[in-house]
Amino acid sequence: MTAIDPAAEAHLAEAPNTPALLGPWALMWRQFRRHRVAHVSLYVVGFIYLVALFGEFLSPASHLATNTRAPFAPPQGIHIFTEAEDGTRTFQLHARGLKMEVDRVAMRRHFVEDPEKVIPLGFFVEGFEYRLLWLIPTNRHFFGPRDPKQTVYFFGADRLGRDILSRIIMGTRISMSIGLVGVAVSLLVGVSLGGISGYYGGWIDNLIQRLIEFLRSIPTIPLWMGLAAAIPLDWPPLRTYFVVTLIVSMIGWTTLAREVRGKFLSLRREDFVVAARLDGLSDWEIIRKHLVPSFASHIIASLTLAVPLMILAETSLSFLGIGLQPPIVSWGTLLKEAQNIRTIIEAPWLLVAPGAAIVITVLALNFLGDGLRDAADPYAQ
């Protein structure tokens, strides 16, 4: 057995460790973390989907409960200390109640805070009953008034006295799920038709490309309006929801299909595809196991950028009154409440609150998609 030189052994011990070889997904994640805005947007988007998942638990009140005594009630602030008559201050989360006054000059009613009416607030309080994750019956809510008979309007109320914050939280579930379902439909149709078009070519390619060009030549808004107008008014809300989802995904698949077609055209003559064909794999197995995974990161980035477009499409349709209709609550139906100029003047929170939710969500998804697009090619820099 050959002896090892002690000097050489010491040199090897002092040498730096050889860096581990990273796979494509590890390289993509490392590149993505360098995009700080996209990294933060990932947590923002994750938080938004958690809000959608635990909507009833996070809602301080039922999004369908009305209050005829509080139409257009203004937002109520959260106070930390209560002050007794002797001047002592005590720590207690609370909100001040509202009382209605009449302006004799303008002949208009308005609400003002009533300092004598204190509404204690707390965490994990009792409220309306629901099923957590659609399975567990409970009446616990994350934050709200300790007395379940009282209501606090943190973001104000609408014309029927419904809590805007609870309606925005519950609208998150509809708007965000439409984005995911619409993207899933675009993924299925776009990858399937684009893959067939690029892999086989010939008359199949010509037929699919002419169909894509026809759909892209139709103006989007008139197409959506025509399809949405064909939905019967007596359909149940769930069926209407799925039809609107299909409508907003009608055009989204065309862009992805063309991108997939271009990738397939450039990869179908590569050595690994020829080797897989000679090995006896079917066309479907070659597409599923070799071609699609070779640019899966690019597909993920493209789909992430498509989600905000789906959300804006649903919002536009519902705002115009041809999309989702009450009692379904989405961000678009909430914005429809602010179509009246008088309503915006008297209750600007009807426009600001759901509008801010849409802006934050769309910006976060766009930043996330931009970061994923850059990270999809980790060797670019």
# chains A, B, ... in the order shown; residues from 1 in each chain; ligands from 1
$ closest_atom_pairs --of "range 278-380 of chain A" --to "range 43-47 of chain A" --cutoff "8 Å" --atoms "only C-alpha atoms" --output "Markdown table"
| residue | atom | partner | partner_atom | distance |
| --- | --- | --- | --- | --- |
| A:Thr361 | CA | A:Val45 | CA | 7.0 |
| A:Ala364 | CA | A:Val45 | CA | 6.4 |
| A:Leu365 | CA | A:Val45 | CA | 6.8 |
$ write_last_selection --atoms "C-alpha atoms" --output "PDB file, in the first residue's frame"
ATOM      1  CA  THR A 361     -51.937  42.072  -6.225  1.00  0.00           C
ATOM      2  CA  ALA A 364     -46.810  41.715  -6.867  1.00  0.00           C
ATOM      3  CA  LEU A 365     -47.682  39.148  -9.545  1.00  0.00           C
TER       4      LEU A 365
END
$ residues_around --residues "range 237-249 of chain A" --least-positions-apart "5" --cutoff "9 Å" --atoms "only C-alpha atoms" --output "list of chain:residue names"
A:Ile174, A:Ile178, A:Gly179, A:Val181, A:Gly182, A:Val183, A:Ala184, A:Val185, A:Ser186, A:Leu223, A:Trp224, A:Leu227, A:Ala228, A:Ile231, A:Pro232, A:Leu309, A:Met310, A:Ile311, A:Ala313, A:Glu314, A:Leu317, A:Gly323, A:Leu324, A:Gln325, A:Pro326, A:Pro327, A:Ile328
$ write_last_selection --atoms "C-alpha atoms" --output "PDB file, in the first residue's frame"
ATOM      1  CA  ILE A 174     -63.004  34.460  -6.257  1.00  0.00           C
ATOM      2  CA  ILE A 178     -60.181  32.761 -11.380  1.00  0.00           C
ATOM      3  CA  GLY A 179     -56.567  33.718 -12.126  1.00  0.00           C
ATOM      4  CA  VAL A 181     -58.079  28.324 -12.985  1.00  0.00           C
ATOM      5  CA  GLY A 182     -57.766  30.509 -16.066  1.00  0.00           C
ATOM      6  CA  VAL A 183     -54.010  29.967 -16.168  1.00  0.00           C
ATOM      7  CA  ALA A 184     -54.516  26.206 -15.739  1.00  0.00           C
ATOM      8  CA  VAL A 185     -56.842  26.177 -18.745  1.00  0.00           C
ATOM      9  CA  SER A 186     -54.345  28.255 -20.741  1.00  0.00           C
ATOM     10  CA  LEU A 223     -65.304  39.228 -27.650  1.00  0.00           C
ATOM     11  CA  TRP A 224     -65.582  38.925 -23.874  1.00  0.00           C
ATOM     12  CA  LEU A 227     -69.585  35.711 -24.761  1.00  0.00           C
ATOM     13  CA  ALA A 228     -70.560  37.021 -21.322  1.00  0.00           C
ATOM     14  CA  ILE A 231     -74.729  33.579 -20.234  1.00  0.00           C
ATOM     15  CA  PRO A 232     -78.348  32.965 -19.109  1.00  0.00           C
ATOM     16  CA  LEU A 309     -54.090  39.583 -16.851  1.00  0.00           C
ATOM     17  CA  MET A 310     -56.733  37.022 -15.896  1.00  0.00           C
ATOM     18  CA  ILE A 311     -57.568  38.930 -12.710  1.00  0.00           C
ATOM     19  CA  ALA A 313     -60.052  40.585 -17.208  1.00  0.00           C
ATOM     20  CA  GLU A 314     -62.481  39.279 -14.574  1.00  0.00           C
ATOM     21  CA  LEU A 317     -66.108  42.117 -16.983  1.00  0.00           C
ATOM     22  CA  GLY A 323     -69.198  39.101 -15.624  1.00  0.00           C
ATOM     23  CA  LEU A 324     -69.907  37.778 -12.167  1.00  0.00           C
ATOM     24  CA  GLN A 325     -73.089  39.027 -10.542  1.00  0.00           C
ATOM     25  CA  PRO A 326     -74.218  39.276  -6.904  1.00  0.00           C
ATOM     26  CA  PRO A 327     -74.425  37.380  -4.616  1.00  0.00           C
ATOM     27  CA  ILE A 328     -70.961  36.320  -5.859  1.00  0.00           C
TER      28      ILE A 328
END
$ closest_residue --among "A:Ser330, A:Gln31, A:Thr88, A:Ser316" --to "Thr220 in chain A" --atoms "only C-alpha atoms"
A:Ser316
$ residues_around --residues "Ala347 in chain A" --least-positions-apart "6" --cutoff "12 Å" --atoms "only C-alpha atoms" --output "MDAnalysis selection string"
chainID A and resid 71:75 110:111 155:159 161 164 337:341 353
$ select_by_dssp --residues "range 146-360 of chain A" --states "alpha helix (DSSP H)" --output "PyMOL selection string"
chain A and resi 164-200+202-217+220-229+237-248+252-267+271-278+283-286+292-294+296-320+331-336+341-346+349-360
$ closest_atom_pairs --of "range 111-206 of chain A" --to "range 276-296 of chain A" --cutoff "12 Å" --atoms "only C-alpha atoms" --output "CSV"
residue,atom,partner,partner_atom,distance
A:Leu187,CA,A:Ala296,CA,11.3
A:Gly190,CA,A:Val292,CA,11.8
A:Val191,CA,A:Val292,CA,8.3
A:Ser192,CA,A:Ile287,CA,9.5
A:Leu193,CA,A:Ile287,CA,11.8
A:Gly194,CA,A:Val292,CA,10.8
A:Gly195,CA,A:Ile287,CA,7.4
A:Ile196,CA,A:Ile287,CA,8.9
A:Ser197,CA,A:Ile287,CA,11.8
A:Gly198,CA,A:Ile287,CA,10.5
A:Tyr199,CA,A:Ile287,CA,8.2
A:Tyr200,CA,A:Asp283,CA,9.5
$ closest_residue --among "A:Gly355, A:Gly252, A:Gly55, A:Pro222" --to "Tyr130 in chain A" --atoms "only C-alpha atoms"
A:Gly55
$ select_by_dssp --residues "range 86-263 of chain A" --states "strand (DSSP E or B)" --output "PyMOL selection string"
chain A and resi 89-103+108-132+136-145+157+163
$ atom_distance --atom1 "CA of Leu211 in chain A" --atom2 "CA of Ala229 in chain A"
23.1 Å
$ residues_around --residues "Asp163 in chain A" --least-positions-apart "5" --cutoff "9 Å" --atoms "only C-alpha atoms" --output "mmCIF file with N, CA and C atoms, in the first residue's frame"
data_model
loop_
_atom_site.group_PDB
_atom_site.id
_atom_site.type_symbol
_atom_site.label_atom_id
_atom_site.label_comp_id
_atom_site.auth_asym_id
_atom_site.auth_seq_id
_atom_site.Cartn_x
_atom_site.Cartn_y
_atom_site.Cartn_z
ATOM 1 N N PRO A 60 -63.859 39.900 9.850
ATOM 2 C CA PRO A 60 -64.438 40.272 11.157
ATOM 3 C C PRO A 60 -65.957 40.146 11.196
ATOM 4 N N ALA A 61 -66.606 40.114 10.033
ATOM 5 C CA ALA A 61 -68.061 39.988 9.985
ATOM 6 C C ALA A 61 -68.434 39.210 8.730
ATOM 7 N N SER A 62 -69.676 38.813 8.647
ATOM 8 C CA SER A 62 -70.147 38.114 7.464
ATOM 9 C C SER A 62 -70.203 39.093 6.285
ATOM 10 N N HIS A 63 -69.725 38.661 5.132
ATOM 11 C CA HIS A 63 -69.700 39.555 3.974
ATOM 12 C C HIS A 63 -71.086 39.748 3.372
ATOM 13 N N LEU A 64 -72.071 38.953 3.832
ATOM 14 C CA LEU A 64 -73.438 39.091 3.339
ATOM 15 C C LEU A 64 -74.365 39.770 4.334
ATOM 16 N N ALA A 65 -73.906 39.989 5.565
ATOM 17 C CA ALA A 65 -74.754 40.579 6.601
ATOM 18 C C ALA A 65 -74.977 42.063 6.314
ATOM 19 N N THR A 66 -76.227 42.490 6.362
ATOM 20 C CA THR A 66 -76.579 43.889 6.106
ATOM 21 C C THR A 66 -76.962 44.583 7.405
ATOM 22 N N THR A 151 -70.602 45.306 15.457
ATOM 23 C CA THR A 151 -69.884 45.305 14.190
ATOM 24 C C THR A 151 -69.003 46.540 14.118
ATOM 25 N N VAL A 152 -67.773 46.338 13.669
ATOM 26 C CA VAL A 152 -66.830 47.435 13.466
ATOM 27 C C VAL A 152 -66.450 47.446 11.996
ATOM 28 N N TYR A 153 -66.590 48.604 11.370
ATOM 29 C CA TYR A 153 -66.293 48.743 9.940
ATOM 30 C C TYR A 153 -64.896 49.333 9.784
ATOM 31 N N PHE A 154 -63.903 48.457 9.716
ATOM 32 C CA PHE A 154 -62.520 48.933 9.609
ATOM 33 C C PHE A 154 -62.259 49.625 8.269
ATOM 34 N N PHE A 155 -62.907 49.157 7.203
ATOM 35 C CA PHE A 155 -62.767 49.770 5.875
ATOM 36 C C PHE A 155 -64.052 50.442 5.425
ATOM 37 N N GLY A 156 -64.986 50.663 6.337
ATOM 38 C CA GLY A 156 -66.243 51.289 5.985
ATOM 39 C C GLY A 156 -67.294 50.273 5.566
ATOM 40 N N ALA A 157 -68.470 50.801 5.211
ATOM 41 C CA ALA A 157 -69.602 49.962 4.803
ATOM 42 C C ALA A 157 -70.155 50.462 3.477
ATOM 43 N N ASP A 158 -70.910 49.589 2.789
ATOM 44 C CA ASP A 158 -71.505 49.977 1.516
ATOM 45 C C ASP A 158 -72.924 50.481 1.740
ATOM 46 N N ILE A 168 -63.968 42.370 0.793
ATOM 47 C CA ILE A 168 -62.707 42.325 0.046
ATOM 48 C C ILE A 168 -61.990 41.005 0.306
#
$ closest_residue --among "A:Val189, A:Ala375, A:Ala38, A:Val118" --to "Ala84 in chain A" --atoms "only C-alpha atoms"
A:Val118
$ atom_distance --atom1 "CA of Leu351 in chain A" --atom2 "CA of Arg108 in chain A"
21.0 Å
$ residues_around --residues "Ile119 in chain A" --least-positions-apart "4" --cutoff "12 Å" --atoms "only C-alpha atoms" --output "ChimeraX atom specification"
/A:76-80,82,92-98,113-115,144-153
$ atom_distance --atom1 "CA of Leu335 in chain A" --atom2 "CA of Leu350 in chain A"
7.1 Å
$ residues_around --residues "Leu50 in chain A" --least-positions-apart "6" --cutoff "10 Å" --atoms "only C-alpha atoms" --output "list in words"
Val44, Leu58, Thr172 and Arg173 of chain A
$ closest_residue --among "A:Arg109, A:Pro219, A:Trp25, A:Asp103" --to "Ala70 in chain A" --atoms "only C-alpha atoms"
A:Arg109
